[in-house]
file coords_18.txt (compact mmCIF, C-alpha atoms)
# COMPACT_ATOMS: atom_id res chain seq x y z
CA MET A 1 111.97 97.29 41.78
CA LYS A 2 115.02 99.48 41.19
CA TYR A 3 117.33 97.43 43.47
CA LYS A 4 117.46 93.73 44.23
CA LEU A 5 119.05 94.13 47.70
CA GLY A 6 119.35 97.32 49.70
CA LEU A 7 120.86 98.13 53.09
CA TYR A 8 119.90 100.80 55.61
CA GLY A 9 121.67 100.99 58.95
CA GLY A 10 121.96 103.02 62.12
CA SER A 11 121.84 102.80 65.88
CA PHE A 12 118.23 104.07 66.06
CA ASN A 13 118.92 105.31 69.58
CA PRO A 14 116.11 106.31 69.52
CA LEU A 15 114.23 105.62 66.30
CA HIS A 16 112.71 108.86 64.97
CA MET A 17 110.47 109.99 62.11
CA GLY A 18 113.47 110.67 59.87
CA HIS A 19 114.42 107.00 60.18
CA VAL A 20 110.85 105.96 59.46
CA GLU A 21 110.75 107.93 56.23
CA CYS A 22 114.09 106.46 55.11
CA ILE A 23 112.99 102.90 55.83
CA ILE A 24 109.71 103.28 53.94
CA ARG A 25 111.30 104.93 50.91
CA SER A 26 114.13 102.40 50.81
CA ALA A 27 111.78 99.43 51.08
CA ASN A 28 109.74 100.85 48.22
CA GLN A 29 112.77 100.63 45.92
CA CYS A 30 114.10 97.17 46.85
CA GLU A 31 113.13 93.55 46.45
CA ARG A 32 114.85 93.00 49.80
CA LEU A 33 115.84 95.64 52.35
CA LEU A 34 118.14 94.77 55.22
CA VAL A 35 117.89 97.14 58.18
CA VAL A 36 121.03 96.84 60.33
CA ILE A 37 120.75 97.94 63.96
CA SER A 38 124.16 98.93 65.35
CA HIS A 39 124.47 98.01 69.02
CA GLY A 40 127.33 99.04 71.26
CA THR A 41 127.38 96.43 74.02
CA ASN A 42 129.63 98.65 76.17
CA ARG A 43 127.79 101.90 75.50
CA ARG A 44 124.78 103.29 77.32
CA GLU A 45 122.08 102.79 74.72
CA ILE A 46 118.43 101.92 74.74
CA ASP A 47 117.99 98.15 75.07
CA VAL A 48 118.63 96.73 71.60
CA ARG A 49 115.67 94.37 72.02
CA GLU A 50 113.43 97.42 72.34
CA ARG A 51 114.96 99.11 69.30
CA TYR A 52 114.56 95.90 67.31
CA ARG A 53 110.88 95.68 68.32
CA TRP A 54 110.20 99.28 67.30
CA ILE A 55 111.47 98.66 63.77
CA TYR A 56 109.80 95.27 63.54
CA GLN A 57 106.43 96.73 64.52
CA LEU A 58 106.81 99.46 61.89
CA THR A 59 107.89 97.13 59.07
CA LYS A 60 106.24 93.75 59.64
CA HIS A 61 103.41 94.63 57.24
CA ILE A 62 105.75 95.55 54.38
CA GLY A 63 107.00 92.04 53.64
CA ASN A 64 110.44 92.72 52.18
CA VAL A 65 112.25 94.13 55.21
CA GLU A 66 114.71 92.02 57.21
CA LEU A 67 116.36 93.08 60.48
CA MET A 68 119.85 92.37 61.75
CA ILE A 69 121.66 93.37 64.95
CA LEU A 70 125.33 94.27 64.48
CA GLU A 71 127.20 94.37 67.80
CA ASP A 72 130.49 96.03 68.69
CA THR A 73 132.35 96.39 71.99
CA ALA A 74 133.68 99.95 71.60
CA ALA A 75 133.19 102.17 74.63
CA THR A 76 132.25 105.18 72.48
CA LYS A 77 131.25 105.78 68.87
CA ALA A 78 134.58 107.57 68.39
CA ASP A 79 136.43 104.40 69.43
CA TYR A 80 134.52 102.47 66.79
CA ASN A 81 135.47 104.99 64.11
CA CYS A 82 138.27 102.95 62.51
CA GLU A 83 138.31 101.22 59.15
CA GLU A 84 139.57 97.94 60.63
CA CYS A 85 136.41 97.69 62.76
CA TRP A 86 134.24 98.83 59.88
CA PHE A 87 135.37 96.28 57.33
CA ALA A 88 135.26 93.40 59.80
CA ASP A 89 131.64 94.22 60.60
CA ALA A 90 130.83 94.84 56.95
CA GLN A 91 131.91 91.28 56.23
CA LYS A 92 129.48 90.04 58.89
CA VAL A 93 126.67 91.82 57.05
CA ARG A 94 127.74 90.32 53.71
CA GLU A 95 127.74 86.84 55.23
CA ARG A 96 124.30 87.48 56.65
CA VAL A 97 122.69 88.59 53.39
CA GLY A 98 124.50 86.11 51.13
CA ALA A 99 124.08 88.26 48.04
CA PRO A 100 125.56 91.42 46.49
CA ILE A 101 124.34 94.67 48.00
CA ASN A 102 123.05 96.94 45.24
CA ALA A 103 122.16 100.07 47.23
CA VAL A 104 123.15 101.62 50.54
CA PHE A 105 120.64 104.11 51.93
CA CYS A 106 121.46 106.68 54.60
CA GLY A 107 120.45 110.06 55.91
CA SER A 108 122.41 113.17 55.07
CA ASP A 109 123.95 113.11 58.57
CA TYR A 110 126.09 110.18 57.39
CA GLY A 111 127.18 110.89 53.82
CA GLU A 112 129.97 109.53 51.60
CA ASP A 113 132.58 109.15 54.38
CA SER A 114 130.38 107.06 56.63
CA PHE A 115 130.74 103.42 57.58
CA TRP A 116 127.86 102.42 55.33
CA ALA A 117 129.27 104.12 52.25
CA LYS A 118 132.91 103.06 52.58
CA CYS A 119 132.24 99.42 53.38
CA TYR A 120 130.07 98.72 50.35
CA PRO A 121 131.76 100.53 47.43
CA GLU A 122 130.05 98.22 44.96
CA ALA A 123 126.65 99.60 45.98
CA GLU A 124 124.95 102.77 44.85
CA LEU A 125 124.80 105.34 47.65
CA VAL A 126 121.37 106.93 48.13
CA ILE A 127 121.30 109.84 50.59
CA TYR A 128 118.06 111.22 52.00
CA PRO A 129 117.91 114.76 53.47
CA ARG A 130 117.54 114.63 57.24
CA ASN A 131 116.22 118.20 57.75
CA GLY A 132 117.87 118.64 61.13
CA ILE A 133 116.31 115.57 62.77
CA SER A 134 118.75 113.53 64.84
CA SER A 135 118.71 110.99 67.65
CA THR A 136 121.24 113.13 69.52
CA LEU A 137 118.86 116.09 69.51
CA ILE A 138 115.99 113.94 70.74
CA ARG A 139 118.07 112.34 73.51
CA GLU A 140 118.87 115.80 74.88
CA ASN A 141 115.16 116.37 75.55
CA PRO A 142 112.59 114.04 73.96
CA TYR A 143 109.71 116.10 75.38
CA ARG A 144 110.68 119.18 73.36
CA HIS A 145 110.74 117.04 70.21
CA TRP A 146 107.79 114.79 70.99
CA GLU A 147 106.30 114.87 67.50
CA LEU A 148 109.58 113.58 66.02
CA LEU A 149 109.03 110.27 67.83
CA PRO A 150 107.04 107.47 66.15
CA ASN A 151 104.07 106.25 68.16
CA VAL A 152 105.80 102.92 68.86
CA VAL A 153 108.68 104.80 70.53
CA LYS A 154 106.71 107.27 72.65
CA PRO A 155 105.82 104.83 75.48
CA HIS A 156 109.54 104.43 76.18
CA TYR A 157 109.70 108.08 77.21
CA VAL A 158 106.35 108.48 78.98
CA LYS A 159 106.88 109.64 82.56
CA LYS A 160 104.61 108.41 85.35
CA VAL A 161 103.33 110.73 88.07
CA LEU A 162 101.58 109.10 91.03
CA LEU A 163 99.25 110.98 93.38
CA ILE A 164 98.81 109.50 96.84
CA GLY A 165 97.50 110.49 100.25
CA ALA A 166 94.73 109.69 102.71
CA GLU A 167 91.05 109.95 101.84
CA SER A 168 89.51 113.27 100.84
CA THR A 169 92.70 115.09 99.94
CA GLY A 170 91.64 115.85 96.37
CA LYS A 171 93.64 113.12 94.59
CA SER A 172 91.05 112.14 92.00
CA THR A 173 90.14 115.69 90.99
CA LEU A 174 93.76 116.82 90.82
CA THR A 175 94.76 113.74 88.80
CA GLU A 176 92.18 114.48 86.13
CA ASN A 177 92.89 118.22 86.16
CA LEU A 178 96.59 117.58 85.55
CA ALA A 179 95.86 115.18 82.71
CA ASN A 180 93.61 117.77 81.08
CA TYR A 181 96.19 120.52 81.59
CA PHE A 182 98.99 118.48 79.97
CA ASN A 183 96.61 117.06 77.35
CA THR A 184 97.33 113.46 78.24
CA ASN A 185 95.82 110.40 79.93
CA PHE A 186 95.16 109.62 83.53
CA LEU A 187 94.54 106.38 85.38
CA GLU A 188 91.61 106.69 87.74
CA GLU A 189 91.38 104.89 91.06
CA VAL A 190 90.55 101.33 90.09
CA GLY A 191 89.17 100.38 93.49
CA ARG A 192 86.28 102.84 93.35
CA ASP A 193 84.09 100.73 91.03
CA ILE A 194 85.23 97.34 92.30
CA SER A 195 84.52 98.29 95.91
CA GLU A 196 80.87 98.94 94.99
CA ARG A 197 80.16 95.42 93.71
CA SER A 198 78.18 94.76 96.89
CA GLY A 199 76.87 98.31 97.12
CA THR A 200 79.23 99.07 100.02
CA ASP A 201 82.95 98.72 100.60
CA THR A 202 82.30 97.22 104.06
CA LEU A 203 81.26 93.93 102.42
CA MET A 204 84.11 93.55 99.93
CA LEU A 205 85.33 90.02 99.25
CA PRO A 206 89.03 89.06 99.27
CA GLU A 207 88.98 88.55 95.50
CA ASP A 208 87.83 92.16 95.08
CA PHE A 209 91.17 93.34 96.45
CA THR A 210 93.00 90.90 94.18
CA ASP A 211 91.09 92.35 91.22
CA ILE A 212 91.97 95.90 92.26
CA LEU A 213 95.67 95.10 92.47
CA LEU A 214 95.89 93.23 89.17
CA THR A 215 93.54 95.50 87.22
CA HIS A 216 95.43 98.65 88.18
CA LYS A 217 98.74 97.27 86.94
CA LEU A 218 97.25 96.05 83.66
CA ARG A 219 95.48 99.36 83.03
CA GLU A 220 98.66 101.27 83.78
CA ARG A 221 100.63 99.28 81.20
CA GLU A 222 97.96 99.94 78.59
CA ALA A 223 97.58 103.65 79.45
CA VAL A 224 101.31 104.29 79.01
CA LYS A 225 100.99 103.23 75.35
CA HIS A 226 98.56 106.05 74.63
CA SER A 227 99.84 108.89 76.80
CA ARG A 228 101.43 112.15 75.73
CA MET A 229 104.72 112.61 77.57
CA VAL A 230 103.26 111.86 81.01
CA LEU A 231 100.68 109.60 82.66
CA PHE A 232 99.00 110.71 85.90
CA GLU A 233 97.87 107.96 88.28
CA ASP A 234 95.36 108.18 91.11
CA THR A 235 96.79 105.86 93.82
CA ASP A 236 98.47 102.48 93.31
CA CYS A 237 98.92 99.07 94.93
CA LEU A 238 100.39 100.43 98.17
CA ILE A 239 97.26 102.47 98.87
CA THR A 240 95.30 99.22 98.47
CA ARG A 241 97.89 97.60 100.73
CA PHE A 242 97.19 100.30 103.32
CA PHE A 243 93.45 99.57 103.35
CA LEU A 244 94.10 95.82 103.61
CA GLU A 245 95.35 96.45 107.16
CA PHE A 246 91.77 97.17 108.19
CA LEU A 247 90.68 93.64 107.23
CA GLU A 248 90.88 90.27 108.95
CA GLY A 249 91.27 86.69 107.73
CA LYS A 250 93.87 84.54 105.97
CA ASP A 251 93.12 86.01 102.53
CA LYS A 252 94.33 89.36 103.79
CA GLU A 253 97.92 88.09 103.95
CA ARG A 254 97.82 86.73 100.42
CA ASN A 255 96.64 90.07 99.05
CA ILE A 256 99.29 91.90 101.08
CA ALA A 257 101.91 89.63 99.50
CA LEU A 258 100.50 90.40 96.06
CA ALA A 259 100.54 94.16 96.76
CA ASN A 260 104.17 93.94 97.88
CA ALA A 261 105.10 91.97 94.76
CA ILE A 262 103.48 94.52 92.45
CA ALA A 263 105.15 97.37 94.35
CA SER A 264 108.52 95.77 93.60
CA LEU A 265 107.69 96.05 89.87
CA ASN A 266 106.47 99.64 90.04
CA ASP A 267 108.53 102.71 89.28
CA TYR A 268 107.47 106.35 89.14
CA ASP A 269 109.22 109.48 87.96
CA LEU A 270 107.39 111.67 90.46
CA ILE A 271 105.18 110.90 93.46
CA LEU A 272 103.01 113.66 94.94
CA PHE A 273 101.76 113.14 98.48
CA LEU A 274 98.70 115.27 99.19
CA GLU A 275 98.61 116.44 102.79
CA PRO A 276 95.29 116.30 104.72
CA ASP A 277 95.06 120.07 105.15
CA VAL A 278 91.87 120.53 103.14
CA LYS A 279 88.40 119.96 104.51
CA PHE A 280 87.33 116.31 104.84
CA VAL A 281 84.31 115.61 102.61
CA GLN A 282 82.20 112.54 103.35
CA ASP A 283 80.94 111.22 100.03
CA GLY A 284 79.15 108.26 101.58
CA ASP A 285 81.82 105.55 101.72
CA ARG A 286 84.85 107.20 103.29
CA SER A 287 86.18 105.90 106.59
CA GLU A 288 85.15 107.85 109.67
CA VAL A 289 88.02 106.13 111.50
CA ILE A 290 90.53 107.73 109.12
CA ALA A 291 88.63 111.03 109.20
CA ALA A 292 88.96 111.13 113.00
CA ASP A 293 92.79 111.15 112.86
CA ARG A 294 93.87 112.21 109.40
CA GLU A 295 97.45 113.11 110.36
CA TYR A 296 98.05 109.70 111.95
CA TYR A 297 96.88 107.77 108.89
CA SER A 298 98.68 110.11 106.49
CA THR A 299 101.89 109.38 108.35
CA ALA A 300 101.15 105.64 108.15
CA ILE A 301 100.85 105.90 104.34
CA LYS A 302 104.09 107.87 104.11
CA ASN A 303 105.90 105.24 106.17
CA LEU A 304 104.54 102.48 103.96
CA TYR A 305 105.97 104.13 100.83
CA ARG A 306 109.28 104.82 102.54
CA GLU A 307 109.51 101.15 103.58
CA HIS A 308 109.22 100.19 99.92
CA GLY A 309 111.89 102.66 98.86
CA PHE A 310 109.66 105.30 97.24
CA ALA A 311 110.49 108.99 97.66
CA PHE A 312 107.71 111.58 97.34
CA VAL A 313 107.11 115.31 97.40
CA GLU A 314 104.62 116.65 99.94
CA VAL A 315 101.99 118.96 98.45
CA ARG A 316 99.79 121.09 100.66
CA GLY A 317 97.65 124.21 100.68
CA SER A 318 94.44 125.14 98.89
CA TYR A 319 93.24 123.27 95.82
CA GLU A 320 94.65 126.04 93.62
CA GLU A 321 98.00 125.94 95.41
CA ARG A 322 98.14 122.15 95.02
CA PHE A 323 97.39 122.39 91.32
CA GLN A 324 100.03 125.05 90.68
CA ARG A 325 102.65 123.12 92.67
CA ALA A 326 101.88 119.88 90.82
CA VAL A 327 102.14 121.64 87.45
CA GLU A 328 105.45 123.20 88.45
CA LEU A 329 106.92 119.86 89.56
CA THR A 330 105.72 118.09 86.42
CA ARG A 331 107.19 120.73 84.13
CA GLU A 332 110.50 120.52 85.99
CA MET A 333 110.47 116.74 85.56
CA LEU A 334 109.89 117.07 81.81
CA ASN A 335 112.36 119.97 81.54
CA ILE A 336 109.86 122.07 79.58

call {"tool": "encode", "arguments": {"input": "coords_18.txt", "output": "structure tokens"}}
result
Amino acid sequence: MKYKLGLYGGSFNPLHMGHVECIIRSANQCERLLVVISHGTNRREIDVRERYRWIYQLTKHIGNVELMILEDTAATKADYNCEECWFADAQKVRERVGAPINAVFCGSDYGEDSFWAKCYPEAELVIYPRNGISSTLIRENPYRHWELLPNVVKPHYVKKVLLIGAESTGKSTLTENLANYFNTNFLEEVGRDISERSGTDTLMLPEDFTDILLTHKLREREAVKHSRMVLFEDTDCLITRFFLEFLEGKDKERNIALANAIASLNDYDLILFLEPDVKFVQDGDRSEVIAADREYYSTAIKNLYREHGFAFVEVRGSYEERFQRAVELTREMLNI
């Protein structure tokens, strides 16, 4: 190894592919590499625990990389830009490593006048070209710079679009069409398969509804990890909660409580409510009760979401008009 102990630091807010290259190349040249994550406790930054996890996941296989969080209380980076602050924090790093630092690595956006260079004059300064990549640029619009984000970071920025409405309003088809159009994932309606365990949804057991509620949330969390910019979801726990009102028995209340609890955990960047102004299609298991008064039950679903604090955009018209409107709203959300 060229260096016994090296140091590479930054805020990693967010971590990007330029950082990844620097970390790998620095680790290749050191017996030990300390990656210092600068965290402004009074600044609006991505949760430092998340930033720490990103770097840990990317380096845990290497074996010679150590991580350290270096906190400061400055309100802005400009406020932190004083040598008194720098050298006090540099001493914290020295105490942490307990050995001389032989090399300081940084991107070309830092350079010889940076914190890392000035605070460790005994170390050799190694500067990597950054080629225009910066966290500031990505923060302005991560969706325009999606390929600059490591895979471990992308789930942080994935937006979630939920499609809701009464039966036979085209939710499932539109959900999949949107996912195909934006070249990403979609989460299908979980209840469709579970409701057919007895061959008919009229004979569902209470535990079937519990499975629907829990399975949807677990699948959503997994789907976010593998989505490209946006995840489209066909219904959620409150639609299940709506159908629970048609049941009887003590188990109904327990599932309603579970649906409410999951709803309190849910958040969406955009909710599209599909109006019942397209022809009702009976596919064999849809409720004739709901079909008989589609406006009434659509309003009931809207009220349920409003009661839980969810805002939504009403989408109506032909299937083509719905698709175009949904695309427009999604692109506005992503600012692309």

call {"tool": "residues_near_point", "arguments": {"input": "coords_18.txt", "point": "(95.7, 112.3, 99.0)", "cutoff": "12 Å", "atoms": "all atoms listed in the file", "output": "ChimeraX atom specification"}}
result
/A:162-175,189,233-236,239,271-280,294-295,297-299,301-302,313-316,319,322

call {"tool": "residues_around", "arguments": {"input": "coords_18.txt", "residues": "Ser134 (chain A)", "least_positions_apart": "4", "cutoff": "8 Å", "atoms": "only C-alpha atoms", "output": "PyMOL selection string"}}
result
chain A and resi 16+18+130+138

call {"tool": "residues_around", "arguments": {"input": "coords_18.txt", "residues": "Asn28 (chain A)", "least_positions_apart": "5", "cutoff": "9 Å", "atoms": "all atoms listed in the file", "output": "ChimeraX atom specification"}}
result
/A:1-2,23

call {"tool": "residues_around", "arguments": {"input": "coords_18.txt", "residues": "region 204-209 of chain A", "least_positions_apart": "6", "cutoff": "12 Å", "atoms": "only C-alpha atoms", "output": "PyMOL selection string"}}
result
chain A and resi 190-198+215-216+237-259

call {"tool": "atom_distance", "arguments": {"input": "coords_18.txt", "atom1": "CA of Ala117 (chain A)", "atom2": "CA of Glu66 (chain A)"}}
result
19.6 Å

call {"tool": "axis_aligned_box", "arguments": {"input": "coords_18.txt", "around": "region 86-101 of chain A", "padding_each_side": "3 Å", "output": "lines of an AutoDock Vina configuration file"}}
result
center_x = 129.0
center_y = 92.5
center_z = 53.5
size_x = 18.7
size_y = 18.7
size_z = 20.1

call {"tool": "closest_residue", "arguments": {"input": "coords_18.txt", "among": "A:Asp293, A:Asp211, A:Glu328, A:Glu220", "to": "Glu188 (chain A)", "atoms": "all atoms listed in the file"}}
result
A:Glu220

call {"tool": "atom_distance", "arguments": {"input": "coords_18.txt", "atom1": "CA of Thr184 (chain A)", "atom2": "CA of Arg144 (chain A)"}}
result
15.3 Å

call {"tool": "residues_around", "arguments": {"input": "coords_18.txt", "residues": "region 53-64 of chain A", "least_positions_apart": "2", "cutoff": "6 Å", "atoms": "all atoms listed in the file", "output": "PyMOL selection string"}}
result
chain A and resi 32+50-51+152

call {"tool": "closest_residue", "arguments": {"input": "coords_18.txt", "among": "A:Phe87, A:Tyr157, A:Tyr80, A:Phe323", "to": "Asp269 (chain A)", "atoms": "all atoms listed in the file"}}
result
A:Tyr157

call {"tool": "atom_distance", "arguments": {"input": "coords_18.txt", "atom1": "CA of Ser227 (chain A)", "atom2": "CA of Gly317 (chain A)"}}
result
28.5 Å

call {"tool": "residues_near_point", "arguments": {"input": "coords_18.txt", "point": "(112.0, 117.4, 85.6)", "cutoff": "12 Å", "atoms": "all atoms listed in the file", "output": "PyMOL selection string"}}
result
chain A and resi 141+143+159-161+229-230+269-270+326-336

call {"tool": "closest_residue", "arguments": {"input": "coords_18.txt", "among": "A:Thr210, A:Leu203, A:Ile37, A:Leu125", "to": "Val93 (chain A)", "atoms": "only C-alpha atoms"}}
result
A:Ile37

call {"tool": "residues_around", "arguments": {"input": "coords_18.txt", "residues": "Ile101 (chain A)", "least_positions_apart": "6", "cutoff": "6 Å", "atoms": "all atoms listed in the file", "output": "PyMOL selection string"}}
result
chain A and resi 5-6+123
